[in-house]
file work_0.cif (mmCIF, C-alpha atoms)
data_work
#
loop_
_atom_site.label_atom_id
_atom_site.label_comp_id
_atom_site.auth_asym_id
_atom_site.auth_seq_id
_atom_site.Cartn_x
_atom_site.Cartn_y
_atom_site.Cartn_z
CA MET A 1 40.83 -21.78 1.61
CA GLN A 2 43.72 -20.32 3.60
CA ASP A 3 44.91 -18.16 0.69
CA ASP A 4 41.41 -16.92 -0.01
CA THR A 5 40.81 -15.99 3.65
CA ASP A 6 44.14 -14.18 3.87
CA GLN A 7 43.36 -12.12 0.77
CA LEU A 8 39.83 -11.29 1.86
CA LEU A 9 40.95 -10.30 5.35
CA ARG A 10 43.64 -7.96 4.00
CA ALA A 11 41.05 -6.35 1.71
CA ILE A 12 38.69 -5.82 4.67
CA LEU A 13 41.46 -4.22 6.74
CA ARG A 14 42.38 -1.97 3.82
CA ASP A 15 38.77 -0.81 3.37
CA VAL A 16 37.93 -0.38 7.05
CA LEU A 17 41.18 1.29 8.08
CA GLY A 18 41.50 3.36 4.90
CA LEU A 19 45.02 1.99 4.33
CA LYS A 20 47.15 3.07 1.40
CA PRO A 21 47.60 0.66 -1.53
CA GLY A 22 50.12 -2.00 -0.62
CA GLN A 23 50.02 -1.34 3.12
CA ALA A 24 47.70 -4.24 4.00
CA GLU A 25 49.57 -6.52 1.61
CA ALA A 26 52.76 -5.83 3.57
CA PHE A 27 51.23 -7.00 6.88
CA THR A 28 53.04 -9.98 8.43
CA ALA A 29 51.68 -12.29 11.13
CA GLN A 30 53.48 -10.09 13.67
CA THR A 31 52.04 -6.77 12.47
CA GLY A 32 50.32 -5.33 15.54
CA LEU A 33 46.64 -4.35 15.20
CA PHE A 34 44.66 -3.29 18.28
CA GLY A 35 46.74 -0.83 20.28
CA HIS A 36 49.17 -0.35 17.37
CA LEU A 37 46.97 1.27 14.74
CA PRO A 38 45.48 4.57 15.91
CA GLU A 39 42.56 4.12 13.48
CA LEU A 40 41.46 0.97 15.27
CA ASP A 41 39.29 2.31 18.10
CA SER A 42 36.24 0.48 19.47
CA MET A 43 33.96 1.88 16.74
CA ALA A 44 36.40 0.79 14.03
CA VAL A 45 36.72 -2.67 15.61
CA ALA A 46 32.92 -2.97 15.56
CA GLY A 47 32.93 -2.00 11.88
CA LEU A 48 35.74 -4.42 11.15
CA LEU A 49 33.86 -7.32 12.78
CA THR A 50 30.68 -6.49 10.86
CA GLU A 51 32.59 -6.56 7.56
CA ILE A 52 34.33 -9.82 8.51
CA GLU A 53 30.94 -11.37 9.23
CA ASP A 54 29.41 -10.09 5.98
CA ARG A 55 32.26 -10.88 3.63
CA LEU A 56 33.55 -14.13 5.14
CA GLY A 57 30.16 -15.56 6.10
CA ILE A 58 30.98 -16.21 9.76
CA ILE A 59 29.46 -15.08 13.04
CA VAL A 60 31.70 -13.43 15.60
CA GLU A 61 30.36 -13.54 19.16
CA ASP A 62 31.16 -10.61 21.41
CA GLU A 63 32.84 -13.04 23.81
CA ASP A 64 35.29 -14.04 21.07
CA VAL A 65 36.58 -10.51 20.77
CA ASP A 66 39.50 -9.76 23.04
CA GLY A 67 42.98 -8.31 22.99
CA ASP A 68 44.51 -11.66 21.98
CA MET A 69 42.33 -12.09 18.92
CA LEU A 70 43.13 -8.58 17.71
CA ALA A 71 46.73 -8.45 18.95
CA ASP A 72 48.33 -8.88 15.54
CA TYR A 73 47.46 -9.85 11.99
CA GLY A 74 48.45 -13.48 12.56
CA SER A 75 46.08 -13.95 15.51
CA LEU A 76 43.15 -12.37 13.66
CA LEU A 77 43.84 -14.51 10.57
CA ASN A 78 44.01 -17.65 12.74
CA PHE A 79 40.71 -16.85 14.38
CA VAL A 80 38.94 -16.13 11.10
CA THR A 81 40.42 -19.20 9.39
CA GLU A 82 39.25 -21.45 12.23
CA ARG A 83 35.75 -20.01 12.09
CA ARG A 84 35.53 -20.41 8.34
CA SER A 85 36.61 -24.06 8.43
CA ALA A 86 34.05 -24.71 11.19
CA THR A 87 31.12 -23.44 9.12
CA MET B 1 21.44 26.29 3.82
CA THR B 2 17.88 27.48 4.39
CA GLN B 3 15.12 26.53 6.78
CA TRP B 4 11.82 24.83 6.08
CA PRO B 5 8.77 24.02 8.27
CA CYS B 6 9.25 20.38 9.17
CA PRO B 7 6.04 18.65 10.34
CA LEU B 8 6.05 17.22 13.86
CA PRO B 9 4.41 13.85 14.53
CA GLY B 10 1.95 15.36 17.03
CA GLY B 11 0.98 18.23 14.70
CA GLY B 12 2.59 21.62 14.16
CA THR B 13 5.97 22.28 12.60
CA VAL B 14 9.53 23.14 13.58
CA GLU B 15 12.10 24.98 11.47
CA GLU B 16 14.75 22.56 10.23
CA TRP B 17 17.75 23.18 7.99
CA VAL B 18 18.05 21.98 4.44
CA LEU B 19 20.85 22.17 1.89
CA THR B 20 19.45 22.91 -1.56
CA LEU B 21 21.33 22.82 -4.85
CA ARG B 22 19.42 24.00 -7.89
CA PRO B 23 20.59 23.89 -11.49
CA GLU B 24 20.77 27.05 -13.57
CA GLY B 25 17.55 27.29 -15.56
CA ALA B 26 14.57 25.01 -15.16
CA ALA B 27 15.09 21.83 -13.17
CA LYS B 28 14.29 18.54 -14.89
CA ALA B 29 13.44 16.88 -11.60
CA CYS B 30 13.65 17.48 -7.85
CA LEU B 31 15.47 14.83 -5.87
CA LEU B 32 14.93 14.56 -2.11
CA ILE B 33 17.98 13.05 -0.43
CA VAL B 34 17.52 11.26 2.89
CA PRO B 35 20.92 11.23 4.62
CA ALA B 36 22.69 8.32 6.28
CA LEU B 37 22.25 7.86 10.03
CA PHE B 38 24.52 8.36 13.03
CA ASP B 39 28.27 8.21 12.44
CA GLU B 40 27.70 7.13 8.85
CA GLY B 41 25.88 10.41 8.28
CA ASN B 42 29.07 12.30 9.20
CA LYS B 43 31.31 10.06 7.16
CA LEU B 44 29.09 10.26 4.08
CA ARG B 45 28.14 13.96 4.24
CA ARG B 46 30.89 15.13 1.89
CA PHE B 47 30.20 12.28 -0.50
CA THR B 48 26.46 13.06 -0.45
CA VAL B 49 27.08 16.72 -1.27
CA GLU B 50 29.53 15.74 -4.02
CA VAL B 51 26.79 13.63 -5.61
CA MET B 52 24.34 16.56 -5.30
CA ARG B 53 26.77 18.91 -7.06
CA ARG B 54 27.07 16.54 -9.99
CA LEU B 55 23.31 16.08 -10.24
CA ALA B 56 22.67 19.83 -10.08
CA ALA B 57 25.21 20.30 -12.88
CA SER B 58 23.16 17.92 -15.00
CA GLY B 59 19.94 19.83 -14.42
CA ILE B 60 18.48 18.05 -11.37
CA ALA B 61 17.51 20.03 -8.28
CA CYS B 62 18.60 18.35 -5.02
CA VAL B 63 17.41 18.94 -1.46
CA LEU B 64 19.15 17.44 1.57
CA PRO B 65 17.19 18.07 4.78
CA ASP B 66 18.56 17.33 8.23
CA LEU B 67 16.81 14.44 9.95
CA PRO B 68 15.26 15.69 13.20
CA GLY B 69 17.78 15.20 16.00
CA PHE B 70 20.84 15.17 13.71
CA ASN B 71 23.19 17.83 12.40
CA GLU B 72 21.81 21.36 12.93
CA SER B 73 18.40 20.18 14.14
CA ILE B 74 17.35 21.71 17.45
CA LEU B 75 15.19 18.71 18.36
CA PRO B 76 16.70 16.25 20.85
CA LEU B 77 17.69 12.97 19.21
CA GLU B 78 16.49 11.14 22.31
CA ALA B 79 12.89 12.15 21.55
CA GLN B 80 12.96 10.90 17.94
CA THR B 81 11.68 7.61 16.56
CA PRO B 82 12.18 6.20 13.05
CA GLY B 83 8.48 6.94 12.44
CA ASP B 84 9.07 10.63 13.28
CA TRP B 85 11.83 10.72 10.69
CA GLN B 86 9.50 9.27 8.11
CA VAL B 87 6.87 11.93 8.92
CA ALA B 88 9.57 14.60 8.52
CA MET B 89 10.78 13.21 5.17
CA GLU B 90 7.23 12.89 3.85
CA GLY B 91 6.74 16.53 4.84
CA ALA B 92 9.95 17.43 2.99
CA ALA B 93 8.82 15.54 -0.12
CA ARG B 94 5.59 17.59 -0.13
CA HIS B 95 7.18 20.93 0.78
CA PHE B 96 9.84 20.71 -1.93
CA THR B 97 7.53 18.86 -4.37
CA ALA B 98 10.13 16.13 -4.79
CA SER B 99 9.63 14.05 -7.92
CA HIS B 100 12.09 11.38 -6.72
CA MET B 101 14.15 10.41 -3.71
CA LEU B 102 17.59 9.02 -3.01
CA THR B 103 18.23 7.51 0.40
CA ILE B 104 21.77 6.96 1.67
CA ARG B 105 22.47 3.80 3.73
CA GLY B 106 20.24 3.82 6.85
CA GLY B 107 18.31 6.77 5.42
CA ALA B 108 16.29 4.08 3.62
CA LEU B 109 14.62 3.36 6.97
CA ALA B 110 13.18 6.90 6.98
CA ALA B 111 12.16 6.90 3.30
CA PRO B 112 8.95 8.80 2.51
CA ARG B 113 6.15 6.60 1.22
CA GLY B 114 4.82 7.10 -2.29
CA VAL B 115 7.95 8.72 -3.75
CA PRO B 116 9.80 6.80 -6.47
CA GLY B 117 13.57 6.66 -6.50
CA TRP B 118 16.56 4.80 -5.13
CA TYR B 119 18.02 3.28 -1.99
CA TYR B 120 21.81 3.59 -2.07
CA ALA B 121 23.46 0.71 -0.15
CA PRO B 122 20.53 0.33 2.29
CA VAL B 123 21.33 -1.17 5.68
CA ALA B 124 18.93 -2.85 8.11
CA GLY B 125 18.29 -1.31 11.51
CA ALA B 126 19.42 -4.55 13.16
CA SER B 127 22.81 -4.33 11.49
CA GLN B 128 23.40 -0.70 12.48
CA LEU B 129 22.21 -1.34 16.00
CA ARG B 130 24.41 -4.42 16.39
CA GLN B 131 27.49 -2.50 15.29
CA MET B 132 26.83 0.35 17.72
CA LEU B 133 26.10 -2.09 20.56
CA ARG B 134 29.33 -3.89 19.81
CA ALA B 135 31.34 -0.67 19.88
CA ARG B 136 29.84 0.15 23.25
CA ILE B 137 30.56 -3.33 24.63
CA LEU B 138 34.19 -3.14 23.46
CA ALA B 139 34.67 0.33 24.93
CA ALA B 140 33.12 -0.82 28.22
CA ARG B 141 35.39 -3.84 28.31
CA GLU B 142 38.46 -1.63 27.88
CA ALA B 143 37.20 0.31 30.88
CA GLY B 144 36.80 -2.94 32.83
CA ARG B 145 33.00 -3.22 32.62
CA SER B 146 31.15 -6.21 31.25
CA GLU B 147 28.05 -5.60 29.10
CA THR B 148 26.11 -7.82 26.69
CA GLN B 149 23.90 -6.98 23.71
CA ASP B 150 20.87 -8.63 25.33
CA SER B 151 21.18 -6.83 28.64
CA LEU B 152 21.81 -3.47 26.94
CA LEU B 153 18.79 -3.88 24.67
CA GLU B 154 16.57 -4.98 27.52
CA ALA B 155 17.49 -1.92 29.57
CA GLY B 156 17.39 0.30 26.47
CA ARG B 157 13.79 -0.62 25.68
CA VAL B 158 12.80 0.74 29.09
CA HIS B 159 15.21 3.59 29.79
CA GLY B 160 16.76 4.44 26.41
CA LEU B 161 20.43 3.91 25.67
CA GLU B 162 23.56 5.82 24.77
CA LEU B 163 25.29 4.25 21.77
CA ALA B 164 28.38 5.58 20.00
CA GLY B 165 27.79 8.97 21.63
CA TYR B 166 24.13 9.14 20.56
CA ARG B 167 21.44 9.24 23.23
CA LEU B 168 18.52 7.15 21.96
CA GLY B 169 15.07 6.93 23.50
CA ALA B 170 13.32 3.75 24.65
CA ASP B 171 10.81 3.86 21.77
CA PHE B 172 13.62 4.22 19.28
CA ILE B 173 15.50 1.21 20.66
CA ALA B 174 12.30 -0.84 20.63
CA GLU B 175 11.55 -0.03 16.97
CA PHE B 176 14.84 0.43 15.18
CA GLY B 177 16.20 -3.13 15.28
CA GLY B 178 13.17 -4.47 13.40
CA LEU B 179 13.37 -2.04 10.48
CA VAL B 180 14.38 -2.86 6.93
CA ALA B 181 14.05 -0.79 3.77
CA ARG B 182 10.44 -1.02 2.58
CA GLU B 183 9.87 -3.08 -0.57
CA ASP B 184 8.48 -0.79 -3.25
CA PRO B 185 8.43 -1.52 -6.99
CA ALA B 186 8.99 2.20 -7.64
CA VAL B 187 12.20 2.24 -5.58
CA GLN B 188 15.36 0.57 -6.87
CA THR B 189 18.37 -0.46 -4.83
CA ILE B 190 21.81 0.73 -5.91
CA THR B 191 24.43 -1.56 -4.40
CA GLN B 192 28.01 -0.59 -3.59
CA ASP B 193 29.28 -3.04 -6.25
CA GLY B 194 28.19 -0.64 -8.97
CA LEU B 195 30.30 2.25 -7.63
CA GLY B 196 33.76 0.79 -8.12
CA GLY B 197 35.24 0.82 -4.64
CA PRO B 198 34.57 0.16 -0.97
CA GLY B 199 31.80 2.19 0.69
CA LEU B 200 33.07 5.40 2.26
CA TRP B 201 31.14 4.66 5.48
CA LEU B 202 33.75 1.98 6.20
CA ARG B 203 36.52 4.53 6.50
CA PRO B 204 37.63 5.68 9.93
CA GLU B 205 37.36 9.35 8.87
CA PRO B 206 35.03 11.20 6.50
CA GLY B 207 36.40 10.94 2.99
CA GLU B 208 35.48 11.49 -0.60
CA ASP B 209 35.90 9.60 -3.82
CA ALA B 210 35.30 11.46 -7.05
CA GLY B 211 34.93 8.22 -9.02
CA GLN B 212 32.21 6.87 -6.72
CA ALA B 213 30.37 10.21 -6.68
CA ASP B 214 30.50 10.26 -10.51
CA ALA B 215 29.16 6.71 -10.65
CA LEU B 216 26.24 7.27 -8.27
CA ALA B 217 25.24 10.59 -9.88
CA ALA B 218 25.45 9.00 -13.34
CA ILE B 219 23.14 6.11 -12.40
CA ILE B 220 20.48 8.59 -11.25
CA ALA B 221 20.93 11.17 -14.01
CA VAL B 222 20.73 8.50 -16.71
CA ALA B 223 17.63 6.89 -15.17
CA LEU B 224 15.88 10.27 -14.87
CA ALA B 225 16.77 11.16 -18.47
CA GLN B 226 15.32 7.84 -19.65
CA LYS B 227 12.10 8.49 -17.75
CA GLU B 228 11.86 11.93 -19.32
CA THR B 229 12.10 10.58 -22.86
CA ALA B 230 9.95 7.51 -22.18
#
call {"tool": "encode", "arguments": {"input": "work_0.cif", "output": "structure tokens"}}
result
Amino acid sequence: MQDDTDQLLRAILRDVLGLKPGQAEAFTAQTGLFGHLPELDSMAVAGLLTEIEDRLGIIVEDEDVDGDMLADYGSLLNFVTERRSAT
Amino acid sequence: MTQWPCPLPGGGTVEEWVLTLRPEGAAKACLLIVPALFDEGNKLRRFTVEVMRRLAASGIACVLPDLPGFNESILPLEAQTPGDWQVAMEGAARHFTASHMLTIRGGALAAPRGVPGWYYAPVAGASQLRQMLRARILAAREAGRSETQDSLLEAGRVHGLELAGYRLGADFIAEFGGLVAREDPAVQTITQDGLGGPGLWLRPEPGEDAGQADALAAIIAVALAQKETA
């Protein structure tokens, strides 16, 4: 499950942020997201969350979304993994 | 770009802009294209025109009108409803004697009735609205304000609402969230899976993808050719 989620999440980030091939694959848990990637403004975050919901089959409440969740790749992966195992 | 008399819901017409691409020689068919909505309309404009170029090269005339309130339209977006868009697109289908239509993403929600064709990657009003509400809530939170989807919608149904830089009227907010692409046996859905890559509306900036434009144009050109010989 973990491996699958990791792969799917990287693919979503690649598609939503228009990353170059290999860029999303090179993300580590410490790779900064919100505040670090200029592409990731509030509209892009909204698009990212919609894709996460559609492709990973989870619901993200607005209250869940904060700077911590989107701080780096590791925190976003943790959040998504927890939600997937809860459904 | 030329202008055409777009019907208004209360009667009368207004001049709206339309991009027309006609093949050399006689056209095999005339395809009305209903563009994507809001920010997706900007991101998919180049892609849409790329698809039109390919179709025109294979003998199909294409017309891409502005939806009232978007692009070069002089009508205020705030005064539009999804029903007004449908009236406009039905007027366009008549004016240009469209034999078929292709709607792009949320354009499916403004599809003219009684015209066969395709919905490309249709999206429900609820989904588009939710994403725009979310963007607004996130931007407000960064500015230190707390907003919720429910409270925004409640106020929006009375006073209208500004979402993602678009000023939307109360009637629009009340109607849009309940809309889905109309079921019609004469209209087929083309999903993104068939185009060989992620949808260009996901990108942060407008982009193009020759392979995806080839794929979408080919689906339509082949289907029209089959109808012609059938």
call {"tool": "resolve_selection", "arguments": {"input": "work_0.cif", "expression": "the PyMOL selection byres ((chain A) within 7 of (chain B))", "output": "ChimeraX atom specification"}}
result
/A:15-18,39,42-44,46-47,50
call {"tool": "resolve_selection", "arguments": {"input": "work_0.cif", "expression": "the PyMOL selection byres ((chain B and resi 112-120) around 6)", "output": "number ranges by chain"}}
result
B: 86, 89-90, 100-105, 108, 111, 121-122, 186-190
call {"tool": "atom_distance", "arguments": {"input": "work_0.cif", "atom1": "CA of Val80 (chain A)", "atom2": "CA of Glu63 (chain A)"}}
result
14.4 Å
call {"tool": "resolve_selection", "arguments": {"input": "work_0.cif", "expression": "the PyMOL selection byres ((chain B and resi 60-70) around 9)", "output": "compact mmCIF listing (two decimals) with C-alpha atoms, in the coordinates of the input"}}
result
# COMPACT_ATOMS: atom_id res chain seq x y z
CA GLN B 3 15.12 26.53 6.78
CA TRP B 4 11.82 24.83 6.08
CA CYS B 6 9.25 20.38 9.17
CA GLU B 16 14.75 22.56 10.23
CA TRP B 17 17.75 23.18 7.99
CA VAL B 18 18.05 21.98 4.44
CA LEU B 19 20.85 22.17 1.89
CA THR B 20 19.45 22.91 -1.56
CA LEU B 21 21.33 22.82 -4.85
CA ARG B 22 19.42 24.00 -7.89
CA PRO B 23 20.59 23.89 -11.49
CA ALA B 26 14.57 25.01 -15.16
CA ALA B 27 15.09 21.83 -13.17
CA LYS B 28 14.29 18.54 -14.89
CA ALA B 29 13.44 16.88 -11.60
CA CYS B 30 13.65 17.48 -7.85
CA LEU B 31 15.47 14.83 -5.87
CA LEU B 32 14.93 14.56 -2.11
CA ILE B 33 17.98 13.05 -0.43
CA VAL B 34 17.52 11.26 2.89
CA PRO B 35 20.92 11.23 4.62
CA LEU B 37 22.25 7.86 10.03
CA PHE B 38 24.52 8.36 13.03
CA GLY B 41 25.88 10.41 8.28
CA THR B 48 26.46 13.06 -0.45
CA VAL B 49 27.08 16.72 -1.27
CA MET B 52 24.34 16.56 -5.30
CA ARG B 53 26.77 18.91 -7.06
CA ARG B 54 27.07 16.54 -9.99
CA LEU B 55 23.31 16.08 -10.24
CA ALA B 56 22.67 19.83 -10.08
CA ALA B 57 25.21 20.30 -12.88
CA SER B 58 23.16 17.92 -15.00
CA GLY B 59 19.94 19.83 -14.42
CA ASN B 71 23.19 17.83 12.40
CA GLU B 72 21.81 21.36 12.93
CA SER B 73 18.40 20.18 14.14
CA ILE B 74 17.35 21.71 17.45
CA LEU B 75 15.19 18.71 18.36
CA PRO B 76 16.70 16.25 20.85
CA LEU B 77 17.69 12.97 19.21
CA GLU B 78 16.49 11.14 22.31
CA ALA B 79 12.89 12.15 21.55
CA GLN B 80 12.96 10.90 17.94
CA ASP B 84 9.07 10.63 13.28
CA TRP B 85 11.83 10.72 10.69
CA ALA B 88 9.57 14.60 8.52
CA MET B 89 10.78 13.21 5.17
CA ALA B 92 9.95 17.43 2.99
CA PHE B 96 9.84 20.71 -1.93
CA ALA B 98 10.13 16.13 -4.79
CA ALA B 110 13.18 6.90 6.98
CA ALA B 221 20.93 11.17 -14.01
CA LEU B 224 15.88 10.27 -14.87
call {"tool": "residues_around", "arguments": {"input": "work_0.cif", "residues": "Leu76 (chain A)", "least_positions_apart": "6", "cutoff": "9 Å", "atoms": "all atoms listed in the file", "output": "list in words"}}
result
Leu9, Ala29, Leu33, Asp68, Met69 and Leu70 of chain A
call {"tool": "atom_distance", "arguments": {"input": "work_0.cif", "atom1": "CA of Asp54 (chain A)", "atom2": "CA of Ile12 (chain A)"}}
result
10.3 Å
call {"tool": "atom_distance", "arguments": {"input": "work_0.cif", "atom1": "CA of Gly211 (chain B)", "atom2": "CA of Arg45 (chain B)"}}
result
16.0 Å
call {"tool": "closest_residue", "arguments": {"input": "work_0.cif", "among": "A:Ala11, A:Gly22, A:Gln30, A:Asp41", "to": "Tyr73 (chain A)", "atoms": "only C-alpha atoms"}}
result
A:Gln30
call {"tool": "closest_residue", "arguments": {"input": "work_0.cif", "among": "A:Gly35, A:Leu48, A:Glu82, A:Leu77", "to": "Leu13 (chain A)", "atoms": "all atoms listed in the file"}}
result
A:Leu48
call {"tool": "closest_residue", "arguments": {"input": "work_0.cif", "among": "B:Ala225, B:Ala174, B:Ala210, B:Met1", "to": "Arg46 (chain B)", "atoms": "only C-alpha atoms"}}
result
B:Ala210
call {"tool": "closest_residue", "arguments": {"input": "work_0.cif", "among": "B:Leu8, B:Ala93, B:Leu153, B:Ala213", "to": "Leu44 (chain B)", "atoms": "only C-alpha atoms"}}
result
B:Ala213
call {"tool": "build_atoms", "arguments": {"input": "work_0.cif", "residues": "region 168-189 of chain B", "atoms": "N, CA, C and O atoms", "output": "PDB file, in the coordinates of the input"}}
result
ATOM      1  N   LEU B 168      19.728   7.632  22.646  1.00  0.00           N
ATOM      2  CA  LEU B 168      18.520   7.150  21.960  1.00  0.00           C
ATOM      3  C   LEU B 168      17.436   6.812  22.959  1.00  0.00           C
ATOM      4  O   LEU B 168      17.711   6.242  24.014  1.00  0.00           O
ATOM      5  N   GLY B 169      16.198   7.156  22.601  1.00  0.00           N
ATOM      6  CA  GLY B 169      15.070   6.930  23.500  1.00  0.00           C
ATOM      7  C   GLY B 169      14.618   5.476  23.506  1.00  0.00           C
ATOM      8  O   GLY B 169      14.975   4.689  22.627  1.00  0.00           O
ATOM      9  N   ALA B 170      13.810   5.130  24.509  1.00  0.00           N
ATOM     10  CA  ALA B 170      13.320   3.750  24.650  1.00  0.00           C
ATOM     11  C   ALA B 170      12.501   3.319  23.433  1.00  0.00           C
ATOM     12  O   ALA B 170      12.651   2.198  22.938  1.00  0.00           O
ATOM     13  N   ASP B 171      11.640   4.213  22.927  1.00  0.00           N
ATOM     14  CA  ASP B 171      10.810   3.860  21.770  1.00  0.00           C
ATOM     15  C   ASP B 171      11.678   3.595  20.538  1.00  0.00           C
ATOM     16  O   ASP B 171      11.406   2.706  19.738  1.00  0.00           O
ATOM     17  N   PHE B 172      12.720   4.398  20.414  1.00  0.00           N
ATOM     18  CA  PHE B 172      13.620   4.220  19.280  1.00  0.00           C
ATOM     19  C   PHE B 172      14.281   2.840  19.333  1.00  0.00           C
ATOM     20  O   PHE B 172      14.292   2.097  18.352  1.00  0.00           O
ATOM     21  N   ILE B 173      14.819   2.502  20.496  1.00  0.00           N
ATOM     22  CA  ILE B 173      15.500   1.210  20.660  1.00  0.00           C
ATOM     23  C   ILE B 173      14.528   0.068  20.381  1.00  0.00           C
ATOM     24  O   ILE B 173      14.870  -0.923  19.747  1.00  0.00           O
ATOM     25  N   ALA B 174      13.291   0.224  20.825  1.00  0.00           N
ATOM     26  CA  ALA B 174      12.300  -0.840  20.630  1.00  0.00           C
ATOM     27  C   ALA B 174      11.966  -1.035  19.148  1.00  0.00           C
ATOM     28  O   ALA B 174      11.711  -2.150  18.710  1.00  0.00           O
ATOM     29  N   GLU B 175      11.981   0.058  18.369  1.00  0.00           N
ATOM     30  CA  GLU B 175      11.550  -0.030  16.970  1.00  0.00           C
ATOM     31  C   GLU B 175      12.679  -0.297  15.980  1.00  0.00           C
ATOM     32  O   GLU B 175      12.511  -1.008  14.995  1.00  0.00           O
ATOM     33  N   PHE B 176      13.833   0.318  16.227  1.00  0.00           N
ATOM     34  CA  PHE B 176      14.840   0.430  15.180  1.00  0.00           C
ATOM     35  C   PHE B 176      15.383  -0.917  14.698  1.00  0.00           C
ATOM     36  O   PHE B 176      15.585  -1.129  13.498  1.00  0.00           O
ATOM     37  N   GLY B 177      15.611  -1.837  15.637  1.00  0.00           N
ATOM     38  CA  GLY B 177      16.200  -3.130  15.280  1.00  0.00           C
ATOM     39  C   GLY B 177      15.345  -3.961  14.337  1.00  0.00           C
ATOM     40  O   GLY B 177      15.851  -4.861  13.668  1.00  0.00           O
ATOM     41  N   GLY B 178      14.051  -3.681  14.271  1.00  0.00           N
ATOM     42  CA  GLY B 178      13.170  -4.470  13.400  1.00  0.00           C
ATOM     43  C   GLY B 178      12.981  -3.870  12.017  1.00  0.00           C
ATOM     44  O   GLY B 178      12.260  -4.437  11.197  1.00  0.00           O
ATOM     45  N   LEU B 179      13.639  -2.743  11.741  1.00  0.00           N
ATOM     46  CA  LEU B 179      13.370  -2.040  10.480  1.00  0.00           C
ATOM     47  C   LEU B 179      14.254  -2.515   9.338  1.00  0.00           C
ATOM     48  O   LEU B 179      15.446  -2.731   9.512  1.00  0.00           O
ATOM     49  N   VAL B 180      13.631  -2.664   8.173  1.00  0.00           N
ATOM     50  CA  VAL B 180      14.380  -2.860   6.930  1.00  0.00           C
ATOM     51  C   VAL B 180      13.791  -1.920   5.886  1.00  0.00           C
ATOM     52  O   VAL B 180      12.673  -1.435   6.057  1.00  0.00           O
ATOM     53  N   ALA B 181      14.550  -1.666   4.834  1.00  0.00           N
ATOM     54  CA  ALA B 181      14.050  -0.790   3.770  1.00  0.00           C
ATOM     55  C   ALA B 181      12.774  -1.388   3.185  1.00  0.00           C
ATOM     56  O   ALA B 181      12.721  -2.575   2.898  1.00  0.00           O
ATOM     57  N   ARG B 182      11.741  -0.553   3.058  1.00  0.00           N
ATOM     58  CA  ARG B 182      10.440  -1.020   2.580  1.00  0.00           C
ATOM     59  C   ARG B 182      10.517  -1.457   1.118  1.00  0.00           C
ATOM     60  O   ARG B 182      11.109  -0.772   0.293  1.00  0.00           O
ATOM     61  N   GLU B 183       9.928  -2.617   0.820  1.00  0.00           N
ATOM     62  CA  GLU B 183       9.870  -3.080  -0.570  1.00  0.00           C
ATOM     63  C   GLU B 183       8.895  -2.191  -1.330  1.00  0.00           C
ATOM     64  O   GLU B 183       7.768  -1.970  -0.872  1.00  0.00           O
ATOM     65  N   ASP B 184       9.333  -1.657  -2.457  1.00  0.00           N
ATOM     66  CA  ASP B 184       8.480  -0.790  -3.250  1.00  0.00           C
ATOM     67  C   ASP B 184       8.928  -0.908  -4.702  1.00  0.00           C
ATOM     68  O   ASP B 184      10.081  -0.634  -5.013  1.00  0.00           O
ATOM     69  N   PRO B 185       8.017  -1.344  -5.592  1.00  0.00           N
ATOM     70  CA  PRO B 185       8.430  -1.520  -6.990  1.00  0.00           C
ATOM     71  C   PRO B 185       8.919  -0.229  -7.635  1.00  0.00           C
ATOM     72  O   PRO B 185       9.638  -0.264  -8.628  1.00  0.00           O
ATOM     73  N   ALA B 186       8.564   0.923  -7.060  1.00  0.00           N
ATOM     74  CA  ALA B 186       8.990   2.200  -7.640  1.00  0.00           C
ATOM     75  C   ALA B 186      10.344   2.666  -7.080  1.00  0.00           C
ATOM     76  O   ALA B 186      10.836   3.730  -7.438  1.00  0.00           O
ATOM     77  N   VAL B 187      10.907   1.866  -6.171  1.00  0.00           N
ATOM     78  CA  VAL B 187      12.200   2.240  -5.580  1.00  0.00           C
ATOM     79  C   VAL B 187      13.219   1.142  -5.883  1.00  0.00           C
ATOM     80  O   VAL B 187      13.001  -0.025  -5.558  1.00  0.00           O
ATOM     81  N   GLN B 188      14.313   1.525  -6.534  1.00  0.00           N
ATOM     82  CA  GLN B 188      15.360   0.570  -6.870  1.00  0.00           C
ATOM     83  C   GLN B 188      16.535   0.679  -5.908  1.00  0.00           C
ATOM     84  O   GLN B 188      16.809   1.757  -5.395  1.00  0.00           O
ATOM     85  N   THR B 189      17.192  -0.454  -5.702  1.00  0.00           N
ATOM     86  CA  THR B 189      18.370  -0.460  -4.830  1.00  0.00           C
ATOM     87  C   THR B 189      19.633  -0.335  -5.675  1.00  0.00           C
ATOM     88  O   THR B 189      19.796  -1.044  -6.655  1.00  0.00           O
TER      89      THR B 189
END
